[in-house]
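Data block for final-v3.txt (compact mmCIF, C-alpha atoms and all ligand atoms):
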```
# COMPACT_ATOMS: atom_id res chain seq x y z
CA MET L 1 102.86 276.20 -25.18
CA ARG L 2 104.74 278.58 -22.86
CA PRO L 3 108.51 278.85 -23.49
CA ALA L 4 109.33 277.28 -20.09
CA ASN L 5 107.21 274.24 -20.95
CA PHE L 6 108.75 274.10 -24.38
CA ILE L 7 112.26 273.98 -22.87
CA LEU L 8 111.15 271.28 -20.44
CA VAL L 9 109.79 269.19 -23.31
CA LEU L 10 113.05 269.66 -25.22
CA ALA L 11 115.06 268.61 -22.15
CA CYS L 12 112.94 265.46 -21.71
CA LEU L 13 113.24 264.63 -25.37
CA SER L 14 116.99 265.04 -25.38
CA THR L 15 117.36 262.75 -22.32
CA ALA L 16 115.16 260.14 -23.97
CA PHE L 17 117.06 260.57 -27.22
CA SER L 18 120.50 260.12 -25.67
CA ALA L 19 119.35 256.82 -24.08
CA LEU L 20 117.96 255.72 -27.43
CA ALA L 21 120.87 257.09 -29.41
CA ALA L 22 123.28 254.27 -28.54
CA PRO L 23 122.36 251.22 -30.62
CA PRO L 24 122.45 247.95 -28.68
CA TYR L 25 125.54 245.76 -28.78
CA THR L 26 125.06 243.24 -31.57
CA GLY L 27 128.12 240.99 -31.24
CA PRO L 28 128.34 237.52 -29.66
CA LEU L 29 127.47 236.86 -26.01
CA PHE L 30 129.11 234.48 -23.55
CA ASP L 31 126.43 233.47 -21.04
CA ALA L 32 128.64 232.95 -18.00
CA HIS L 33 125.91 231.91 -15.55
CA LEU L 34 123.52 229.29 -16.84
CA HIS L 35 121.63 226.47 -15.11
CA TYR L 36 119.81 223.63 -16.82
CA ASN L 37 118.20 222.21 -13.68
CA ASP L 38 115.96 219.16 -13.40
CA ASP L 39 112.82 221.32 -13.38
CA ALA L 40 113.88 222.88 -16.72
CA VAL L 41 114.94 219.63 -18.41
CA GLY L 42 111.36 218.36 -18.68
CA ARG L 43 110.14 221.63 -20.08
CA TYR L 44 112.84 222.81 -22.50
CA SER L 45 114.57 220.34 -24.80
CA ILE L 46 118.20 220.84 -25.79
CA GLY L 47 116.91 221.72 -29.27
CA THR L 48 114.69 224.47 -27.80
CA LEU L 49 117.65 225.84 -25.85
CA HIS L 50 119.87 225.82 -28.94
CA GLU L 51 117.24 227.83 -30.79
CA LEU L 52 117.08 230.28 -27.90
CA PHE L 53 120.88 230.70 -27.85
CA SER L 54 120.95 231.14 -31.60
CA LYS L 55 118.21 233.80 -31.62
CA ASN L 56 119.96 235.70 -28.84
CA GLY L 57 123.46 235.58 -30.31
CA VAL L 58 124.76 233.43 -27.44
CA ARG L 59 127.88 231.61 -28.68
CA ALA L 60 129.12 230.10 -25.40
CA ILE L 61 127.50 228.99 -22.15
CA LEU L 62 128.97 228.34 -18.73
CA ALA L 63 126.60 225.48 -17.90
CA ASN L 64 125.79 223.81 -14.62
CA SER L 65 122.77 222.05 -13.23
CA ARG L 66 121.18 220.45 -10.19
CA PRO L 67 121.86 217.53 -10.44
CA ASN L 68 124.68 217.39 -13.01
CA ASP L 69 122.58 215.44 -15.59
CA GLY L 70 121.42 218.59 -17.41
CA THR L 71 125.03 219.72 -17.87
CA ARG L 72 126.06 216.28 -19.13
CA ALA L 73 123.20 216.34 -21.66
CA LEU L 74 124.40 219.72 -22.97
CA VAL L 75 127.97 218.38 -23.25
CA GLU L 76 126.82 215.19 -25.03
CA ALA L 77 124.78 217.24 -27.52
CA ALA L 78 127.82 219.43 -28.20
CA LYS L 79 130.03 216.34 -28.69
CA ALA L 80 127.49 214.95 -31.13
CA GLY L 81 127.93 218.16 -33.12
CA ALA L 82 124.42 219.48 -32.47
CA ARG L 83 125.55 223.05 -32.93
CA LYS L 84 128.99 224.04 -34.17
CA ASP L 85 128.60 227.68 -33.15
CA LEU L 86 127.95 227.02 -29.46
CA ALA L 87 130.75 226.33 -26.96
CA VAL L 88 129.65 224.51 -23.81
CA VAL L 89 131.83 225.21 -20.76
CA PRO L 90 130.61 222.69 -18.17
CA PHE L 91 130.85 223.24 -14.41
CA ILE L 92 130.24 220.69 -11.65
CA ARG L 93 127.33 221.73 -9.46
CA VAL L 94 127.84 221.10 -5.74
CA TYR L 95 124.16 220.27 -5.16
CA ARG L 96 122.76 216.84 -5.92
CA ASP L 97 119.36 218.10 -4.76
CA ARG L 98 117.91 220.97 -2.74
CA ALA L 99 118.84 219.30 0.56
CA ASP L 100 122.51 220.02 -0.16
CA TYR L 101 121.98 223.81 -0.03
CA GLY L 102 123.49 225.25 3.12
CA THR L 103 125.28 222.06 4.17
CA TRP L 104 127.46 221.21 1.16
CA GLN L 105 130.48 223.14 2.40
CA ARG L 106 130.71 220.88 5.47
CA ASN L 107 129.82 217.62 3.72
CA PRO L 108 132.74 215.41 2.64
CA GLU L 109 130.34 213.51 0.33
CA ILE L 110 130.16 216.64 -1.85
CA LEU L 111 133.93 216.75 -2.22
CA ALA L 112 133.88 213.04 -3.16
CA MET L 113 131.11 213.71 -5.71
CA ILE L 114 133.15 216.55 -7.28
CA VAL L 115 136.27 214.37 -7.48
CA ALA L 116 134.30 211.52 -9.09
CA GLU L 117 132.44 213.81 -11.53
CA GLU L 118 135.68 215.52 -12.61
CA LYS L 119 136.94 212.17 -13.92
CA ARG L 120 134.65 212.62 -16.92
CA GLY L 121 137.44 214.86 -18.12
CA TYR L 122 135.47 217.69 -19.68
CA TYR L 123 134.67 219.95 -16.74
CA ARG L 124 136.15 223.44 -16.57
CA GLY L 125 134.95 224.51 -13.15
CA VAL L 126 133.03 223.98 -9.91
CA GLY L 127 129.85 225.90 -9.06
CA GLU L 128 127.73 227.83 -8.91
CA PHE L 129 127.77 227.39 -5.16
CA HIS L 130 126.34 229.57 -2.41
CA VAL L 131 128.40 230.38 0.66
CA HIS L 132 128.54 233.51 2.79
CA GLY L 133 130.79 234.96 5.48
CA LYS L 134 132.62 232.59 7.78
CA ASP L 135 130.59 229.62 6.46
CA ALA L 136 133.30 229.49 3.79
CA ASP L 137 135.88 228.66 6.42
CA THR L 138 135.56 224.86 6.36
CA LYS L 139 137.95 221.99 5.69
CA VAL L 140 135.69 220.64 2.92
CA LEU L 141 135.61 223.96 1.07
CA LYS L 142 139.38 224.34 1.42
CA ASP L 143 139.77 220.84 -0.06
CA ILE L 144 137.41 221.76 -2.93
CA VAL L 145 139.37 224.97 -3.65
CA ASP L 146 142.68 223.06 -3.55
CA PHE L 147 141.25 220.37 -5.84
CA ALA L 148 140.03 223.04 -8.28
CA VAL L 149 143.47 224.69 -8.36
CA ALA L 150 145.20 221.31 -8.88
CA LYS L 151 142.89 220.47 -11.79
CA GLY L 152 142.79 223.96 -13.34
CA LEU L 153 139.09 224.40 -12.56
CA VAL L 154 137.48 227.82 -12.12
CA LEU L 155 135.13 228.40 -9.17
CA HIS L 156 131.71 230.07 -9.58
CA ALA L 157 130.86 231.57 -6.20
CA HIS L 158 127.60 233.22 -5.15
CA SER L 159 129.12 234.83 -2.08
CA ASP L 160 129.65 237.99 -0.14
CA ASP L 161 133.06 239.63 -0.16
CA GLU L 162 134.02 238.01 3.15
CA ALA L 163 133.52 234.48 1.74
CA ILE L 164 135.44 235.40 -1.43
CA GLU L 165 138.35 236.53 0.75
CA ILE L 166 138.23 233.20 2.63
CA ILE L 167 138.21 231.25 -0.66
CA PHE L 168 141.39 233.06 -1.77
CA ARG L 169 142.90 232.48 1.67
CA HIS L 170 142.19 228.74 1.25
CA ASN L 171 144.30 228.90 -1.92
CA PRO L 172 145.60 232.18 -3.40
CA LYS L 173 146.00 230.47 -6.80
CA ALA L 174 142.23 230.02 -7.15
CA SER L 175 140.34 231.48 -10.14
CA VAL L 176 136.89 232.76 -9.18
CA ILE L 177 133.90 234.02 -11.14
CA TRP L 178 131.98 236.05 -8.58
CA ALA L 179 128.30 235.37 -9.29
CA HIS L 180 126.26 238.60 -9.26
CA THR L 181 129.43 240.49 -8.23
CA GLY L 182 128.19 240.21 -4.66
CA PHE L 183 124.61 241.37 -5.53
CA THR L 184 124.86 244.62 -3.53
CA THR L 185 128.55 244.94 -2.64
CA PRO L 186 129.42 248.67 -2.88
CA LEU L 187 131.36 249.53 -6.04
CA ALA L 188 134.38 250.82 -4.12
CA ARG L 189 134.61 247.44 -2.38
CA VAL L 190 134.17 245.57 -5.70
CA GLU L 191 137.06 247.56 -7.12
CA GLU L 192 139.19 246.88 -4.05
CA MET L 193 138.52 243.13 -4.47
CA LEU L 194 139.45 243.24 -8.17
CA ALA L 195 142.72 245.00 -7.30
CA LYS L 196 143.52 242.51 -4.54
CA TYR L 197 142.67 239.34 -6.52
CA PRO L 198 143.80 239.39 -10.16
CA ARG L 199 142.04 236.06 -10.85
CA LEU L 200 138.60 237.29 -9.77
CA TRP L 201 135.94 238.21 -12.35
CA GLY L 202 132.55 239.79 -11.62
CA GLU L 203 129.47 238.21 -13.21
CA LEU L 204 126.63 240.69 -13.57
CA SER L 205 123.26 238.91 -13.39
CA TYR L 206 120.88 240.42 -10.79
CA ARG L 207 123.23 243.38 -10.34
CA SER L 208 120.28 245.66 -11.02
CA ASP L 209 122.18 248.85 -10.15
CA VAL L 210 124.25 248.45 -13.36
CA ALA L 211 121.42 249.86 -15.45
CA GLU L 212 118.52 251.07 -13.34
CA GLY L 213 115.74 252.15 -15.65
CA GLY L 214 117.62 250.72 -18.62
CA ALA L 215 120.44 253.26 -18.87
CA LEU L 216 123.94 252.39 -17.72
CA SER L 217 124.78 253.95 -14.34
CA GLU L 218 127.69 256.39 -14.22
CA GLY L 219 129.42 254.50 -11.40
CA TRP L 220 129.35 251.21 -13.30
CA ARG L 221 130.39 252.86 -16.56
CA ALA L 222 133.48 254.25 -14.84
CA LEU L 223 134.25 250.85 -13.26
CA PHE L 224 133.89 249.05 -16.62
CA LEU L 225 136.16 251.59 -18.30
CA ARG L 226 138.81 251.15 -15.59
CA HIS L 227 138.53 247.31 -15.57
CA PRO L 228 137.19 246.22 -18.97
CA ASP L 229 138.74 242.76 -18.66
CA ARG L 230 137.20 241.82 -15.28
CA PHE L 231 133.46 241.39 -15.95
CA VAL L 232 131.21 238.85 -17.66
CA VAL L 233 127.43 238.63 -18.17
CA GLY L 234 125.06 235.75 -17.42
CA SER L 235 121.40 234.76 -17.55
CA ASP L 236 121.18 232.84 -14.25
CA THR L 237 118.37 230.53 -15.36
CA TRP L 238 117.88 229.20 -11.82
CA VAL L 239 114.10 228.92 -12.25
CA ASN L 240 112.04 228.36 -15.40
CA GLU L 241 110.76 231.93 -15.32
CA ARG L 242 114.32 232.99 -16.23
CA TRP L 243 114.23 230.75 -19.31
CA ASP L 244 110.93 232.36 -20.30
CA SER L 245 112.48 235.82 -20.00
CA TYR L 246 115.84 234.84 -21.57
CA PRO L 247 115.44 237.18 -24.59
CA SER L 248 114.64 240.17 -22.38
CA ILE L 249 117.54 239.38 -20.00
CA MET L 250 120.02 239.17 -22.88
CA GLY L 251 118.38 242.18 -24.57
CA GLY L 252 118.88 244.17 -21.35
CA TYR L 253 122.61 243.42 -21.46
CA ARG L 254 122.78 244.36 -25.12
CA ARG L 255 121.15 247.72 -24.39
CA TRP L 256 123.61 248.93 -21.78
CA LEU L 257 126.60 247.27 -23.48
CA GLY L 258 125.69 249.49 -26.45
CA GLU L 259 126.38 252.54 -24.28
CA LEU L 260 130.02 251.49 -23.78
CA PRO L 261 132.92 251.89 -26.21
CA ARG L 262 132.88 248.96 -28.60
CA GLU L 263 136.07 247.24 -27.31
CA VAL L 264 134.83 247.42 -23.71
CA ALA L 265 131.42 246.02 -24.70
CA GLU L 266 133.07 243.19 -26.65
CA SER L 267 135.28 242.32 -23.69
CA ILE L 268 132.41 242.11 -21.20
CA ALA L 269 130.02 240.40 -23.63
CA TRP L 270 132.39 237.82 -25.04
CA LYS L 271 136.16 238.17 -24.87
CA ASN L 272 136.64 237.95 -21.10
CA GLY L 273 134.77 234.65 -20.86
CA ALA L 274 136.50 233.37 -23.98
CA ARG L 275 139.91 234.28 -22.52
CA ILE L 276 139.25 232.66 -19.12
CA PHE L 277 138.40 229.35 -20.81
CA GLY L 278 140.71 229.58 -23.83
CA LEU L 279 137.96 229.70 -26.47
CA PRO L 280 138.99 230.85 -29.95
ZN ZN L 301 122.72 230.91 -10.41
```

The structure in this file should be written as structure tokens.
Amino acid sequence: MRPANFILVLACLSTAFSALAAPPYTGPLFDAHLHYNDDAVGRYSIGTLHELFSKNGVRAILANSRPNDGTRALVEAAKAGARKDLAVVPFIRVYRDRADYGTWQRNPEILAMIVAEEKRGYYRGVGEFHVHGKDADTKVLKDIVDFAVAKGLVLHAHSDDEAIEIIFRHNPKASVIWAHTGFTTPLARVEEMLAKYPRLWGELSYRSDVAEGGALSEGWRALFLRHPDRFVVGSDTWVNERWDSYPSIMGGYRRWLGELPREVAESIAWKNGARIFGLP
């Protein structure tokens, strides 16, 4: 082997080694974006899900479903003491079925459904809902945001930055988990939003630029270090394929969380979600 090649091999090895050097995060996870939709209910029993959470170190779930039956089933199982080491944080979904996508924010029936569902007394939030740009500027959505604030409910918004701004304009006291942290919103803009809205948290599913190729990106690392208390992770089991790949999704988080200082990893993995919802 020529010396130049030898140096190249060493350089490759050291890059590979530094990515491998950080052991994955092994503490508890708060899955802050979980759906147990009707198409999953028939395929995965609550017992199967509990096993999956247990194997993956998931100790709390922010659960919602289309329709809300799946969420209720998870709450009932928790009440019955099915698993003491799993906290269920139930959210009211705004979709009764697929027909409600795209129209819910203008449909007073959805507000009425949320108000009725909330009477069960155990819900902690509303969402996940999808709304983008000026579509967020409706009377119904303002009423939903006001209702959430009045009842101490957190919103889970799959939205662009413009819709998030409108939600906070509807009611500046709102608390919002920003699903996918805007998907592709530039990091400088994400940071600006975090500075502007102290009760906004970024959820990181499908934010593939966090760890392209498995290693944590430098831009995200810097953002996490500057705002360790503003991010949460989630599985987003919106289709059954996501349930099938649940261990690899959670394993992916554990890998890049392992590249962060321990306190920062613990905050993003568990403590931030636990603090938002007052879990021990
Ligand atoms: Zn989702």

Given 9 Å and all atoms listed in the file, residues near ligand ZN 301 (chain L) as a short mmCIF file (atom, residue, chain, number, x, y, z; two decimals) with C-alpha atoms, in the coordinates of the input:
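Contents of part_34.cif, freshly written:
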```
data_model
loop_
_atom_site.label_atom_id
_atom_site.label_comp_id
_atom_site.auth_asym_id
_atom_site.auth_seq_id
_atom_site.Cartn_x
_atom_site.Cartn_y
_atom_site.Cartn_z
CA HIS L 33 125.91 231.91 -15.55
CA LEU L 34 123.52 229.29 -16.84
CA HIS L 35 121.63 226.47 -15.11
CA ASN L 64 125.79 223.81 -14.62
CA GLY L 127 129.85 225.90 -9.06
CA GLU L 128 127.73 227.83 -8.91
CA PHE L 129 127.77 227.39 -5.16
CA HIS L 130 126.34 229.57 -2.41
CA HIS L 158 127.60 233.22 -5.15
CA ALA L 179 128.30 235.37 -9.29
CA HIS L 180 126.26 238.60 -9.26
CA SER L 205 123.26 238.91 -13.39
CA GLY L 234 125.06 235.75 -17.42
CA SER L 235 121.40 234.76 -17.55
CA ASP L 236 121.18 232.84 -14.25
CA THR L 237 118.37 230.53 -15.36
CA TRP L 238 117.88 229.20 -11.82
#
```

Quiz item: Which polymer residues have any atom within 9 Å of an atom of Lys134 of chain L, counting only C-alpha atoms, with same-chain residues fewer than 3 positions away left out, as a list in words?
Solution: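 Residues meeting the cut-off are Val131, Asp137, Thr138, Glu162, Ala163 and Ile166 of chain L.
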
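By chain and then residue number, the residues within 10 Å of Pro198 of chain L are Lys173, Ala174, Ser175, Val176, Met193, Leu194, Ala195, Trp201 and Arg230 of chain L, counting only C-alpha atoms and disregarding those fewer than 3 positions away in sequence.
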
Self-check item: Using all atoms listed in the file: which of L:Arg59, L:Lys151, L:Arg66, L:Arg199 has the shortest distance to Gly121 of chain L
Solution: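 Going through L:Arg59, L:Lys151, L:Arg66, L:Arg199 one by one, the smallest distance to Gly121 of chain L is for L:Lys151.
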
Quiz item: How many Å separate atom CA of Arg226 of chain L from atom CA of His156 of chain L?
Solution: 23.0 Å

Quiz item: Between L:Val145, L:Val233, L:Val41, L:Val154, which is the closest to Phe277 of chain L once you count all atoms listed in the file?
Solution: L:Val154

Exercise. Excluding Ile276 of chain L and residues on its chain fewer than 3 positions from it, collect all residues at most 12 Å away from it, counting all atoms listed in the file, and give them as an MDAnalysis selection string.
Key: chainID L and resid 30 32 62 89 124:125 152:155 175:177 199:201 229:232 267:268 270:273 279:280

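The protein and nucleic acid residues lying at most 8 Å from segment 76-83 of chain L are L:Ile46, L:His50, L:Val88, with all atoms listed in the file considered and sequence neighbours fewer than 5 positions away removed.
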
Given 5 Å of margin on each side, can you work out the centre and size in Å (one decimal) of an axis-aligned box holding every listed atom of segment 182-188 of chain L, as AutoDock Vina command-line options?
```
--center_x 129.5 --center_y 245.5 --center_z -4.3 --size_x 19.8 --size_y 20.6 --size_z 13.4
```

Quiz prompt | Point-to-point distance in Å for atom CA of Tyr36 of chain L and atom CA of Ala63 of chain L | solution = 7.1 Å

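Restricting the calculation to all atoms listed in the file, the smallest distance between Ala269 of chain L and any of L:Leu204, L:Ile164, L:Ala211, L:Leu74 is found for L:Leu204.
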
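As for atom CA of Ser245 of chain L and atom CA of Leu49 of chain L, they are spaced 12.7 Å apart.
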
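Distance check against Asn37 of chain L using all atoms listed in the file: of L:Arg254, L:Lys84, L:Arg242, L:His227, the minimum falls on L:Arg242.
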
Practice problem: Would you please work out which residue, of L:Gly27, L:Arg72, L:Leu260, L:Asp146, is nearest to Arg120 of chain L when using only C-alpha atoms? | Solution: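 Answer, going by the shortest atom-to-atom distance: L:Arg72.
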
Self-check item: Nearest residue to Arg106 of chain L from the set L:Glu259, L:Phe91, L:Ile144, L:Ala73 (distances using all atoms listed in the file)
Solution: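 Ranking L:Glu259, L:Phe91, L:Ile144, L:Ala73 by distance to Arg106 of chain L, first place goes to L:Ile144.
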